[in-house]
file input_22.cif (mmCIF, C-alpha atoms)
data_run
#
loop_
_atom_site.group_PDB
_atom_site.id
_atom_site.type_symbol
_atom_site.label_atom_id
_atom_site.label_comp_id
_atom_site.auth_asym_id
_atom_site.auth_seq_id
_atom_site.Cartn_x
_atom_site.Cartn_y
_atom_site.Cartn_z
ATOM 1 C CA ASP A 26 -200.975 84.127 -18.100
ATOM 2 C CA ASN A 27 -199.351 80.899 -19.246
ATOM 3 C CA ASP A 28 -196.032 82.683 -19.481
ATOM 4 C CA ASN A 29 -196.337 83.835 -15.875
ATOM 5 C CA ASP A 30 -196.970 80.275 -14.693
ATOM 6 C CA GLN A 31 -193.434 79.249 -15.641
ATOM 7 C CA TYR A 32 -191.918 81.589 -13.072
ATOM 8 C CA PHE A 33 -191.700 80.496 -9.457
ATOM 9 C CA ILE A 34 -191.588 83.256 -6.865
ATOM 10 C CA PRO A 35 -190.179 81.918 -3.593
ATOM 11 C CA THR A 36 -191.976 82.878 -0.404
ATOM 12 C CA ILE A 37 -189.862 83.972 2.537
ATOM 13 C CA ASN A 38 -191.023 83.010 5.995
ATOM 14 C CA ARG A 39 -189.889 82.784 9.586
ATOM 15 C CA TYR A 40 -188.454 79.324 9.073
ATOM 16 C CA ASN A 41 -185.891 80.622 6.558
ATOM 17 C CA PHE A 42 -184.632 83.270 8.946
ATOM 18 C CA ASN A 43 -184.535 80.877 11.902
ATOM 19 C CA ILE A 44 -182.204 78.619 9.927
ATOM 20 C CA ILE A 45 -179.852 81.523 9.245
ATOM 21 C CA ILE A 46 -179.842 82.619 12.903
ATOM 22 C CA ASN A 47 -179.111 79.063 14.044
ATOM 23 C CA GLU A 48 -176.214 78.815 11.618
ATOM 24 C CA LEU A 49 -174.840 82.116 12.927
ATOM 25 C CA ALA A 50 -175.132 80.776 16.468
ATOM 26 C CA ASN A 51 -172.991 77.807 15.443
ATOM 27 C CA GLU A 52 -170.188 80.226 14.519
ATOM 28 C CA GLY A 53 -169.655 81.040 18.203
ATOM 29 C CA LYS A 54 -168.319 84.508 17.352
ATOM 30 C CA PRO A 55 -169.459 87.984 18.494
ATOM 31 C CA TRP A 56 -169.835 89.231 14.896
ATOM 32 C CA ALA A 57 -172.178 86.327 14.154
ATOM 33 C CA ALA A 58 -174.228 87.015 17.280
ATOM 34 C CA GLN A 59 -174.493 90.676 16.275
ATOM 35 C CA ALA A 60 -175.699 89.615 12.827
ATOM 36 C CA ALA A 61 -178.263 87.261 14.389
ATOM 37 C CA GLU A 62 -179.656 90.048 16.558
ATOM 38 C CA GLU A 63 -179.883 92.398 13.578
ATOM 39 C CA ILE A 64 -181.851 89.746 11.683
ATOM 40 C CA LEU A 65 -184.174 89.444 14.690
ATOM 41 C CA ASP A 66 -184.695 93.214 14.689
ATOM 42 C CA CYS A 67 -185.428 93.090 10.954
ATOM 43 C CA MET A 68 -188.004 90.328 11.457
ATOM 44 C CA ILE A 69 -189.733 92.305 14.199
ATOM 45 C CA HIS A 70 -189.919 95.396 12.004
ATOM 46 C CA CYS A 71 -191.013 93.558 8.848
ATOM 47 C CA HIS A 72 -193.727 91.470 10.491
ATOM 48 C CA VAL A 73 -195.376 94.657 11.754
ATOM 49 C CA SER A 74 -195.082 96.669 8.555
ATOM 50 C CA THR A 75 -195.086 94.351 5.561
ATOM 51 C CA TYR A 76 -194.526 90.633 6.101
ATOM 52 C CA PRO A 77 -196.632 89.139 8.923
ATOM 53 C CA GLN A 78 -195.207 85.702 8.117
ATOM 54 C CA LEU A 79 -191.837 86.878 9.496
ATOM 55 C CA LYS A 80 -193.169 87.215 13.028
ATOM 56 C CA PRO A 81 -190.478 85.814 15.386
ATOM 57 C CA ASN A 82 -191.398 82.901 17.629
ATOM 58 C CA ILE A 83 -189.679 81.569 20.743
ATOM 59 C CA GLU A 84 -187.335 79.490 18.565
ATOM 60 C CA THR A 85 -186.157 82.721 16.918
ATOM 61 C CA ILE A 86 -185.592 84.388 20.279
ATOM 62 C CA ASN A 87 -183.771 81.365 21.709
ATOM 63 C CA ALA A 88 -181.534 80.999 18.656
ATOM 64 C CA CYS A 89 -180.531 84.643 18.902
ATOM 65 C CA MET A 90 -179.818 84.318 22.630
ATOM 66 C CA ASN A 91 -177.817 81.175 21.970
ATOM 67 C CA ALA A 92 -175.747 83.056 19.398
ATOM 68 C CA TRP A 93 -174.606 85.470 22.108
ATOM 69 C CA ALA A 94 -174.223 82.683 24.670
ATOM 70 C CA SER A 95 -172.025 80.702 22.276
ATOM 71 C CA SER A 96 -169.792 83.726 21.737
ATOM 72 C CA SER A 97 -169.416 84.457 25.454
ATOM 73 C CA GLY A 98 -166.126 82.598 25.640
ATOM 74 C CA SER A 99 -164.485 85.193 23.389
ATOM 75 C CA SER A 100 -164.165 88.946 23.553
ATOM 76 C CA ALA A 101 -167.159 90.934 22.382
ATOM 77 C CA ASN A 102 -165.392 94.264 22.535
ATOM 78 C CA ASN A 103 -165.104 94.435 18.780
ATOM 79 C CA VAL A 104 -168.880 94.484 18.490
ATOM 80 C CA ILE A 105 -170.636 97.778 19.124
ATOM 81 C CA SER A 106 -173.658 97.514 21.393
ATOM 82 C CA SER A 107 -177.196 97.954 20.101
ATOM 83 C CA GLY A 108 -178.201 101.516 19.417
ATOM 84 C CA SER A 109 -174.690 102.638 18.535
ATOM 85 C CA GLY A 110 -175.595 103.045 14.887
ATOM 86 C CA SER A 111 -172.749 100.798 13.750
ATOM 87 C CA GLY A 112 -173.024 97.691 11.646
ATOM 88 C CA ILE A 113 -171.889 94.138 12.130
ATOM 89 C CA GLY A 114 -168.449 93.894 13.707
ATOM 90 C CA SER A 115 -167.738 97.543 12.962
ATOM 91 C CA SER A 116 -165.922 100.026 15.143
ATOM 92 C CA ASN A 117 -166.005 103.772 15.452
ATOM 93 C CA ASN A 118 -163.021 105.175 13.565
ATOM 94 C CA ASN A 119 -163.727 108.722 14.680
ATOM 95 C CA HIS A 120 -162.047 108.222 18.024
ATOM 96 C CA ASN A 121 -159.026 110.474 18.361
ATOM 97 C CA ASN A 122 -155.737 109.414 19.851
ATOM 98 C CA ASN A 123 -156.779 110.515 23.317
ATOM 99 C CA ASP A 124 -159.577 107.955 23.270
ATOM 100 C CA ASN A 125 -156.994 105.198 23.177
ATOM 101 C CA ASN A 126 -156.050 106.119 26.716
ATOM 102 C CA GLU A 127 -159.543 105.551 28.109
ATOM 103 C CA SER A 128 -159.730 103.238 31.100
ATOM 104 C CA ASP A 129 -161.318 99.797 30.997
ATOM 105 C CA GLU A 130 -164.156 101.242 33.023
ATOM 106 C CA GLY A 131 -164.888 103.705 30.249
ATOM 107 C CA MET A 132 -164.824 100.943 27.665
ATOM 108 C CA ASN A 133 -167.325 98.943 29.706
ATOM 109 C CA ARG A 134 -169.772 101.822 29.453
ATOM 110 C CA ASP A 135 -169.647 101.622 25.662
ATOM 111 C CA TYR A 136 -169.712 97.876 25.204
ATOM 112 C CA PHE A 137 -171.796 95.035 26.524
ATOM 113 C CA SER A 138 -170.426 91.592 27.250
ATOM 114 C CA SER A 139 -171.814 88.688 25.263
ATOM 115 C CA ALA A 140 -173.618 87.438 28.373
ATOM 116 C CA GLU A 141 -175.306 90.796 28.884
ATOM 117 C CA ARG A 142 -176.285 90.854 25.215
ATOM 118 C CA ALA A 143 -177.899 87.398 25.592
ATOM 119 C CA GLU A 144 -179.879 88.630 28.578
ATOM 120 C CA GLY A 145 -180.682 91.786 26.636
ATOM 121 C CA ILE A 146 -182.624 89.762 24.050
ATOM 122 C CA LEU A 147 -185.019 88.657 26.778
ATOM 123 C CA LYS A 148 -185.322 92.234 28.034
ATOM 124 C CA LYS A 149 -186.028 93.372 24.468
ATOM 125 C CA LEU A 150 -188.853 90.838 24.204
ATOM 126 C CA ASN A 151 -190.316 92.023 27.503
ATOM 127 C CA GLU A 152 -190.197 95.668 26.400
ATOM 128 C CA LEU A 153 -191.905 94.870 23.084
ATOM 129 C CA GLN A 154 -194.668 93.075 24.940
ATOM 130 C CA MET A 155 -195.119 95.679 27.688
ATOM 131 C CA ASN A 156 -194.672 98.881 25.686
ATOM 132 C CA GLU A 157 -195.849 98.017 22.177
ATOM 133 C CA GLY A 158 -198.096 94.999 22.622
ATOM 134 C CA LEU A 159 -196.015 92.930 20.207
ATOM 135 C CA LEU A 160 -195.114 89.220 20.312
ATOM 136 C CA LEU A 161 -197.523 88.629 23.198
ATOM 137 C CA ASP A 162 -197.731 84.923 22.394
ATOM 138 C CA VAL A 163 -193.959 84.464 22.591
ATOM 139 C CA THR A 164 -193.200 83.104 26.062
ATOM 140 C CA PRO A 165 -189.657 82.467 27.358
ATOM 141 C CA ASP A 166 -188.967 78.860 28.321
ATOM 142 C CA VAL A 167 -186.214 76.869 30.018
ATOM 143 C CA VAL A 168 -184.119 77.047 26.834
ATOM 144 C CA SER A 169 -184.279 80.842 26.955
ATOM 145 C CA TYR A 170 -183.035 81.047 30.525
ATOM 146 C CA ASN A 171 -180.480 78.292 30.014
ATOM 147 C CA SER A 172 -178.927 80.383 27.251
ATOM 148 C CA ILE A 173 -178.386 83.221 29.711
ATOM 149 C CA VAL A 174 -177.030 80.852 32.360
ATOM 150 C CA LYS A 175 -174.678 79.354 29.776
ATOM 151 C CA ALA A 176 -173.542 82.797 28.653
ATOM 152 C CA TYR A 177 -172.618 83.967 32.148
ATOM 153 C CA ALA A 178 -171.048 80.604 32.993
ATOM 154 C CA ASN A 179 -168.898 80.666 29.843
ATOM 155 C CA SER A 180 -167.791 84.219 30.586
ATOM 156 C CA GLY A 181 -166.611 83.187 34.062
ATOM 157 C CA ASN A 182 -169.352 85.030 35.961
ATOM 158 C CA ALA A 183 -170.528 82.126 38.102
ATOM 159 C CA LYS A 184 -172.390 84.321 40.605
ATOM 160 C CA LYS A 185 -174.478 85.934 37.875
ATOM 161 C CA ALA A 186 -175.217 82.514 36.399
ATOM 162 C CA GLU A 187 -176.518 81.404 39.796
ATOM 163 C CA GLU A 188 -178.676 84.548 40.017
ATOM 164 C CA VAL A 189 -180.406 83.600 36.765
ATOM 165 C CA LEU A 190 -180.891 80.042 38.051
ATOM 166 C CA ASN A 191 -182.541 81.463 41.184
ATOM 167 C CA ILE A 192 -184.849 83.574 39.013
ATOM 168 C CA MET A 193 -185.878 80.445 37.108
ATOM 169 C CA GLU A 194 -186.687 78.639 40.340
ATOM 170 C CA ASP A 195 -188.644 81.601 41.702
ATOM 171 C CA LEU A 196 -190.649 81.872 38.474
ATOM 172 C CA TYR A 197 -191.433 78.178 38.526
ATOM 173 C CA GLN A 198 -192.467 78.264 42.171
ATOM 174 C CA SER A 199 -194.748 81.269 41.611
ATOM 175 C CA THR A 200 -196.315 80.155 38.331
ATOM 176 C CA GLY A 201 -196.068 76.363 38.318
ATOM 177 C CA ASP A 202 -195.109 76.595 34.648
ATOM 178 C CA THR A 203 -193.062 73.487 33.887
ATOM 179 C CA LYS A 204 -191.728 75.128 30.718
ATOM 180 C CA ILE A 205 -189.420 77.295 32.843
ATOM 181 C CA ARG A 206 -188.549 74.684 35.461
ATOM 182 C CA PRO A 207 -184.743 74.388 35.816
ATOM 183 C CA ASP A 208 -183.330 71.183 34.337
ATOM 184 C CA ILE A 209 -179.978 69.419 34.453
ATOM 185 C CA ILE A 210 -178.506 71.927 31.987
ATOM 186 C CA SER A 211 -179.547 74.838 34.209
ATOM 187 C CA PHE A 212 -177.986 73.389 37.338
ATOM 188 C CA SER A 213 -174.918 71.791 35.790
ATOM 189 C CA SER A 214 -173.948 74.972 33.913
ATOM 190 C CA VAL A 215 -173.868 76.908 37.190
ATOM 191 C CA LEU A 216 -172.141 74.046 38.958
ATOM 192 C CA ASN A 217 -169.397 73.829 36.338
ATOM 193 C CA ALA A 218 -168.887 77.603 36.422
ATOM 194 C CA PHE A 219 -168.101 77.520 40.136
ATOM 195 C CA ALA A 220 -165.981 74.385 39.732
ATOM 196 C CA LYS A 221 -163.810 76.166 37.157
ATOM 197 C CA ALA A 222 -163.563 79.236 39.400
ATOM 198 C CA ALA A 223 -161.989 77.092 42.127
ATOM 199 C CA LYS A 224 -158.586 77.647 40.513
ATOM 200 C CA TYR A 225 -158.572 81.268 41.685
ATOM 201 C CA ASP A 226 -161.457 81.564 44.169
ATOM 202 C CA GLN A 227 -161.062 79.677 47.435
ATOM 203 C CA SER A 228 -164.799 79.839 48.168
ATOM 204 C CA ALA A 229 -165.795 78.423 44.788
ATOM 205 C CA SER A 230 -165.406 74.742 45.693
ATOM 206 C CA ARG A 231 -167.652 75.193 48.732
ATOM 207 C CA THR A 232 -170.223 76.942 46.555
ATOM 208 C CA ALA A 233 -170.033 74.156 43.970
ATOM 209 C CA GLU A 234 -170.589 71.627 46.754
ATOM 210 C CA ARG A 235 -173.579 73.624 48.050
ATOM 211 C CA ILE A 236 -175.148 73.688 44.581
ATOM 212 C CA LEU A 237 -174.624 69.940 44.182
ATOM 213 C CA MET A 238 -176.346 69.264 47.513
ATOM 214 C CA ARG A 239 -179.151 71.551 46.363
ATOM 215 C CA MET A 240 -179.471 69.516 43.164
ATOM 216 C CA ILE A 241 -179.631 66.255 45.105
ATOM 217 C CA LYS A 242 -182.327 67.663 47.384
ATOM 218 C CA GLU A 243 -184.285 68.973 44.391
ATOM 219 C CA GLN A 244 -184.108 65.636 42.602
ATOM 220 C CA ARG A 245 -185.424 63.772 45.639
ATOM 221 C CA ALA A 246 -188.284 66.278 45.883
ATOM 222 C CA ARG A 247 -189.348 65.589 42.306
ATOM 223 C CA VAL A 248 -191.743 62.742 42.909
ATOM 224 C CA ASP A 249 -193.015 62.616 39.335
ATOM 225 C CA GLY A 250 -191.456 59.577 37.738
ATOM 226 C CA ASN A 251 -191.564 61.297 34.369
ATOM 227 C CA ASP A 252 -189.099 63.976 35.503
ATOM 228 C CA SER A 253 -185.668 63.802 33.941
ATOM 229 C CA PRO A 254 -182.809 63.392 36.453
ATOM 230 C CA ILE A 255 -180.863 66.532 37.284
ATOM 231 C CA VAL A 256 -177.887 64.843 38.969
ATOM 232 C CA ASN A 257 -175.398 62.489 37.341
ATOM 233 C CA VAL A 258 -171.777 61.444 37.678
ATOM 234 C CA TRP A 259 -170.658 64.436 35.594
ATOM 235 C CA CYS A 260 -172.087 66.789 38.229
ATOM 236 C CA PHE A 261 -170.149 65.042 40.984
ATOM 237 C CA ASN A 262 -166.989 65.014 38.879
ATOM 238 C CA SER A 263 -167.229 68.784 38.436
ATOM 239 C CA VAL A 264 -167.114 69.271 42.196
ATOM 240 C CA LEU A 265 -164.299 66.730 42.476
ATOM 241 C CA ASN A 266 -162.385 68.835 39.953
ATOM 242 C CA ALA A 267 -162.863 71.857 42.192
ATOM 243 C CA TYR A 268 -161.542 69.882 45.174
ATOM 244 C CA ALA A 269 -158.548 68.708 43.147
ATOM 245 C CA ALA A 270 -157.731 72.279 42.100
ATOM 246 C CA GLN A 271 -157.616 73.313 45.760
ATOM 247 C CA GLY A 272 -156.056 70.151 47.149
ATOM 248 C CA ALA A 273 -159.116 69.320 49.241
ATOM 249 C CA GLY A 274 -158.356 65.616 49.400
ATOM 250 C CA LEU A 275 -160.442 64.678 52.406
ATOM 251 C CA ARG A 276 -163.541 66.429 51.062
ATOM 252 C CA ALA A 277 -163.005 64.619 47.750
ATOM 253 C CA ILE A 278 -163.005 61.261 49.557
ATOM 254 C CA LEU A 279 -166.227 62.141 51.394
ATOM 255 C CA LEU A 280 -167.914 63.097 48.132
ATOM 256 C CA LEU A 281 -166.746 59.874 46.492
ATOM 257 C CA GLN A 282 -168.275 57.947 49.389
ATOM 258 C CA LEU A 283 -171.556 59.829 48.901
ATOM 259 C CA MET A 284 -171.578 58.842 45.220
ATOM 260 C CA GLU A 285 -171.078 55.196 46.127
ATOM 261 C CA ASP A 286 -173.770 55.337 48.834
ATOM 262 C CA MET A 287 -176.319 56.924 46.480
ATOM 263 C CA ALA A 288 -175.557 54.393 43.761
ATOM 264 C CA LYS A 289 -175.953 51.482 46.190
ATOM 265 C CA ARG A 290 -178.800 52.755 48.392
ATOM 266 C CA ASP A 291 -180.933 54.350 45.687
ATOM 267 C CA GLY A 292 -179.924 52.023 42.870
ATOM 268 C CA ASN A 293 -178.918 55.117 40.898
ATOM 269 C CA ASP A 294 -176.309 54.094 38.349
ATOM 270 C CA LEU A 295 -176.241 57.651 36.990
ATOM 271 C CA VAL A 296 -174.165 58.765 39.983
ATOM 272 C CA ARG A 297 -171.956 55.699 40.254
ATOM 273 C CA PRO A 298 -168.262 56.775 40.312
ATOM 274 C CA ASP A 299 -166.369 56.195 37.088
ATOM 275 C CA THR A 300 -162.653 56.054 36.339
ATOM 276 C CA TYR A 301 -162.505 59.826 36.068
ATOM 277 C CA SER A 302 -164.023 60.148 39.545
ATOM 278 C CA PHE A 303 -161.359 57.975 41.156
ATOM 279 C CA ASN A 304 -158.523 59.610 39.249
ATOM 280 C CA THR A 305 -159.708 63.067 40.278
ATOM 281 C CA VAL A 306 -159.862 62.030 43.935
ATOM 282 C CA LEU A 307 -156.288 60.760 43.639
ATOM 283 C CA LYS A 308 -155.300 64.108 42.137
ATOM 284 C CA ALA A 309 -156.986 65.951 45.011
ATOM 285 C CA LEU A 310 -155.090 63.824 47.509
ATOM 286 C CA ALA A 311 -151.814 64.343 45.670
ATOM 287 C CA ASN A 312 -152.323 68.126 45.765
ATOM 288 C CA SER A 313 -153.464 68.103 49.380
ATOM 289 C CA LYS A 314 -151.485 69.300 52.358
ATOM 290 C CA GLU A 315 -154.131 68.064 54.795
ATOM 291 C CA ARG A 316 -153.063 65.783 57.600
ATOM 292 C CA GLY A 317 -153.820 62.171 56.787
ATOM 293 C CA SER A 318 -154.538 62.805 53.111
ATOM 294 C CA ILE A 319 -151.533 60.796 51.942
#
call {"tool": "encode", "arguments": {"input": "input_22.cif", "output": "C-alpha cells"}}
result
Amino acid sequence: DNDNDQYFIPTINRYNFNIIINELANEGKPWAAQAAEEILDCMIHCHVSTYPQLKPNIETINACMNAWASSSGSSANNVISSGSGSGIGSSNNNHNNNDNNESDEGMNRDYFSSAERAEGILKKLNELQMNEGLLLDVTPDVVSYNSIVKAYANSGNAKKAEEVLNIMEDLYQSTGDTKIRPDIISFSSVLNAFAKAAKYDQSASRTAERILMRMIKEQRARVDGNDSPIVNVWCFNSVLNAYAAQGAGLRAILLLQLMEDMAKRDGNDLVRPDTYSFNTVLKALANSKERGSI
C-alpha cells in the first residue's frame, strides 16, 4: 500500500478538454475547428458511457463554435463535414479523375462552410436535448449566438448574420432571458459585415445605416442604467467606411452631424467623432460625384 501511495494518477476532467478546445480555436484554422468538434463529440460520448466528469458545459459548446467562427475567414473545403467518416483535415482519395470536374454546386453538397459548421454545433446541442435527453442543463447564451453571427460576418454573408441577430432579438422578446439579449458585439458584427459589403453591393451602405439607426433606437429604449452601451464611435465609423467606399459624401456629412449632435445633446462621449471619423468623411467626399460634395 505504501508503494502505491508514491504514484500519482492524474484525473481528467472537463476543464482539461475545454483548455484544449480554446487553444484550437485560437489557431483560426479549419483543421483546428474540426479537431475541436471531434473532441466535443468524444466528451459527449465519454460522459454518457464512462466518464461523467467529461460532461460538456456551455463553455465547451461556445469554445467549439468559436473555433469554427474563427476559421470562417479561410476556406473550409479541405475539411470533410461531420458524418463523412474522415479524420481531421483529411480528404477522400478515392475520387477518380472525373470527380475533379464536378461543379462548385456539387462540392457545396459535400462540404459545409465554417459558418454553417458553427451553427451546426448549436443544432447538434438541440438534437441531443430533444432526441436523447442529454445536456439538458446546457443553455445557449449571447456568446453562443455571437459566435454564429461572427462566423457568417467573417465569411461575407452579411444577410445571414442579420438573420441570426433577428433570431436573438425574437428569443429575447419572447423569453425575457437577458443571457441571450443582443449586445454590442452582436450588432456591430452585423453592421461591419454590411459595411464591408459596400465595396461590391450598392444596397449595403443603406442596410448598414438602417442597422445603425436600429442600434441607436434600441440603446435609447434600454432604460436600465446597468445596461452596457451598444453604440459607439466605431459603429458610426463602420457606416462612414461604407459611405466612403461608395462615394456617398453628403450622407457621410449628415452622419457626422448626427454623431456630433448625440455627443453634445446626450453627453455621450462614446459617439463623439474622432480623427478617423473626419478622415473617412473627407474620403467619402473625395470619392463622391454628388453635386455640392466638393
call {"tool": "resolve_selection", "arguments": {"input": "input_22.cif", "expression": "the PyMOL selection byres ((chain A and resi 303) around 12)", "output": "ChimeraX atom specification"}}
result
/A:258,261-262,265-266,269,274,277-278,280-282,284-285,297-302,304-310
call {"tool": "closest_residue", "arguments": {"input": "input_22.cif", "among": "A:Leu79, A:Met240, A:Ala140, A:Ala57", "to": "Phe42 of chain A", "atoms": "only C-alpha atoms"}}
result
A:Leu79
call {"tool": "atom_distance", "arguments": {"input": "input_22.cif", "atom1": "atom CA of Ala267 of chain A", "atom2": "atom CA of Met90 of chain A"}}
result
28.7 Å
call {"tool": "resolve_selection", "arguments": {"input": "input_22.cif", "expression": "the PyMOL selection byres ((chain A and resi 208) around 8)", "output": "list of chain:residue names"}}
result
A:Val167, A:Arg206, A:Pro207, A:Ile209, A:Ile210, A:Ser211, A:Phe212, A:Ser253, A:Ile255
call {"tool": "closest_residue", "arguments": {"input": "input_22.cif", "among": "A:Glu62, A:Ala270, A:Glu84, A:Asp162", "to": "Gly145 of chain A", "atoms": "only C-alpha atoms"}}
result
A:Glu62
call {"tool": "resolve_selection", "arguments": {"input": "input_22.cif", "expression": "the PyMOL selection byres ((chain A and resi 182) around 12)", "output": "PDB file with C-alpha atoms, in the coordinates of the input"}}
result
ATOM      1  CA  SER A  97    -169.416  84.457  25.454  1.00  0.00           C
ATOM      2  CA  GLY A  98    -166.126  82.598  25.640  1.00  0.00           C
ATOM      3  CA  SER A 138    -170.426  91.592  27.250  1.00  0.00           C
ATOM      4  CA  SER A 139    -171.814  88.688  25.263  1.00  0.00           C
ATOM      5  CA  ALA A 140    -173.618  87.438  28.373  1.00  0.00           C
ATOM      6  CA  GLU A 141    -175.306  90.796  28.884  1.00  0.00           C
ATOM      7  CA  ILE A 173    -178.386  83.221  29.711  1.00  0.00           C
ATOM      8  CA  VAL A 174    -177.030  80.852  32.360  1.00  0.00           C
ATOM      9  CA  LYS A 175    -174.678  79.354  29.776  1.00  0.00           C
ATOM     10  CA  ALA A 176    -173.542  82.797  28.653  1.00  0.00           C
ATOM     11  CA  TYR A 177    -172.618  83.967  32.148  1.00  0.00           C
ATOM     12  CA  ALA A 178    -171.048  80.604  32.993  1.00  0.00           C
ATOM     13  CA  ASN A 179    -168.898  80.666  29.843  1.00  0.00           C
ATOM     14  CA  SER A 180    -167.791  84.219  30.586  1.00  0.00           C
ATOM     15  CA  GLY A 181    -166.611  83.187  34.062  1.00  0.00           C
ATOM     16  CA  ALA A 183    -170.528  82.126  38.102  1.00  0.00           C
ATOM     17  CA  LYS A 184    -172.390  84.321  40.605  1.00  0.00           C
ATOM     18  CA  LYS A 185    -174.478  85.934  37.875  1.00  0.00           C
ATOM     19  CA  ALA A 186    -175.217  82.514  36.399  1.00  0.00           C
ATOM     20  CA  GLU A 187    -176.518  81.404  39.796  1.00  0.00           C
ATOM     21  CA  GLU A 188    -178.676  84.548  40.017  1.00  0.00           C
ATOM     22  CA  VAL A 189    -180.406  83.600  36.765  1.00  0.00           C
ATOM     23  CA  SER A 214    -173.948  74.972  33.913  1.00  0.00           C
ATOM     24  CA  VAL A 215    -173.868  76.908  37.190  1.00  0.00           C
ATOM     25  CA  LEU A 216    -172.141  74.046  38.958  1.00  0.00           C
ATOM     26  CA  ASN A 217    -169.397  73.829  36.338  1.00  0.00           C
ATOM     27  CA  ALA A 218    -168.887  77.603  36.422  1.00  0.00           C
ATOM     28  CA  PHE A 219    -168.101  77.520  40.136  1.00  0.00           C
ATOM     29  CA  ALA A 220    -165.981  74.385  39.732  1.00  0.00           C
ATOM     30  CA  LYS A 221    -163.810  76.166  37.157  1.00  0.00           C
ATOM     31  CA  ALA A 222    -163.563  79.236  39.400  1.00  0.00           C
ATOM     32  CA  ASP A 226    -161.457  81.564  44.169  1.00  0.00           C
ATOM     33  CA  ALA A 229    -165.795  78.423  44.788  1.00  0.00           C
TER      34      ALA A 229
END
call {"tool": "closest_residue", "arguments": {"input": "input_22.cif", "among": "A:Ile236, A:Met193, A:Ile205, A:Ala94", "to": "Ser172 of chain A", "atoms": "only C-alpha atoms"}}
result
A:Ala94
call {"tool": "axis_aligned_box", "arguments": {"input": "input_22.cif", "around": "segment 279-293 of chain A", "padding_each_side": "4 Å", "output": "lines of an AutoDock Vina configuration file"}}
result
center_x = -173.6
center_y = 57.3
center_z = 46.1
size_x = 22.7
size_y = 19.6
size_z = 18.5
call {"tool": "atom_distance", "arguments": {"input": "input_22.cif", "atom1": "atom CA of His72 of chain A", "atom2": "atom CA of Leu160 of chain A"}}
result
10.2 Å
call {"tool": "residues_around", "arguments": {"input": "input_22.cif", "residues": "Ile64 of chain A", "least_positions_apart": "2", "cutoff": "12 Å", "atoms": "only C-alpha atoms", "output": "ChimeraX atom specification"}}
result
/A:39,41-47,49,57-62,66-71,79-81,85-86,88-89,92,112-113
call {"tool": "atom_distance", "arguments": {"input": "input_22.cif", "atom1": "atom CA of Val296 of chain A", "atom2": "atom CA of Cys260 of chain A"}}
result
8.5 Å
call {"tool": "closest_residue", "arguments": {"input": "input_22.cif", "among": "A:Gln154, A:Ser313, A:Thr232, A:Thr200", "to": "Val264 of chain A", "atoms": "all atoms listed in the file"}}
result
A:Thr232
call {"tool": "decode", "arguments": {"input": "input_22.cif", "residues": "segment 272-276 of chain A", "atoms": "all heavy atoms", "output": "PDB file, in the first residue's frame"}}
result
ATOM      1  N   GLY A 272     -18.658  56.514 -52.265  1.00  0.00           N
ATOM      2  CA  GLY A 272     -18.622  57.928 -52.612  1.00  0.00           C
ATOM      3  C   GLY A 272     -19.864  58.687 -52.206  1.00  0.00           C
ATOM      4  O   GLY A 272     -20.267  59.647 -52.870  1.00  0.00           O
ATOM      5  N   ALA A 273     -20.485  58.270 -51.114  1.00  0.00           N
ATOM      6  CA  ALA A 273     -21.700  58.928 -50.624  1.00  0.00           C
ATOM      7  C   ALA A 273     -21.308  60.040 -49.657  1.00  0.00           C
ATOM      8  O   ALA A 273     -21.505  59.946 -48.445  1.00  0.00           O
ATOM      9  CB  ALA A 273     -22.620  57.916 -49.956  1.00  0.00           C
ATOM     10  N   GLY A 274     -20.749  61.112 -50.214  1.00  0.00           N
ATOM     11  CA  GLY A 274     -20.205  62.183 -49.400  1.00  0.00           C
ATOM     12  C   GLY A 274     -21.228  62.932 -48.572  1.00  0.00           C
ATOM     13  O   GLY A 274     -21.000  63.219 -47.394  1.00  0.00           O
ATOM     14  N   LEU A 275     -22.365  63.242 -49.175  1.00  0.00           N
ATOM     15  CA  LEU A 275     -23.374  64.012 -48.460  1.00  0.00           C
ATOM     16  C   LEU A 275     -23.974  63.212 -47.301  1.00  0.00           C
ATOM     17  O   LEU A 275     -24.221  63.757 -46.230  1.00  0.00           O
ATOM     18  CB  LEU A 275     -24.476  64.453 -49.429  1.00  0.00           C
ATOM     19  CG  LEU A 275     -24.014  65.382 -50.566  1.00  0.00           C
ATOM     20  CD1 LEU A 275     -25.188  65.789 -51.451  1.00  0.00           C
ATOM     21  CD2 LEU A 275     -23.318  66.628 -50.001  1.00  0.00           C
ATOM     22  N   ARG A 276     -24.194  61.927 -47.517  1.00  0.00           N
ATOM     23  CA  ARG A 276     -24.711  61.083 -46.435  1.00  0.00           C
ATOM     24  C   ARG A 276     -23.682  60.962 -45.312  1.00  0.00           C
ATOM     25  O   ARG A 276     -24.034  60.889 -44.127  1.00  0.00           O
ATOM     26  CB  ARG A 276     -25.080  59.704 -46.983  1.00  0.00           C
ATOM     27  CG  ARG A 276     -26.376  59.705 -47.782  1.00  0.00           C
ATOM     28  CD  ARG A 276     -26.507  58.501 -48.675  1.00  0.00           C
ATOM     29  NE  ARG A 276     -26.470  57.241 -47.954  1.00  0.00           N
ATOM     30  CZ  ARG A 276     -26.288  56.064 -48.543  1.00  0.00           C
ATOM     31  NH1 ARG A 276     -26.110  55.998 -49.862  1.00  0.00           N
ATOM     32  NH2 ARG A 276     -26.293  54.959 -47.835  1.00  0.00           N
TER      33      ARG A 276
END
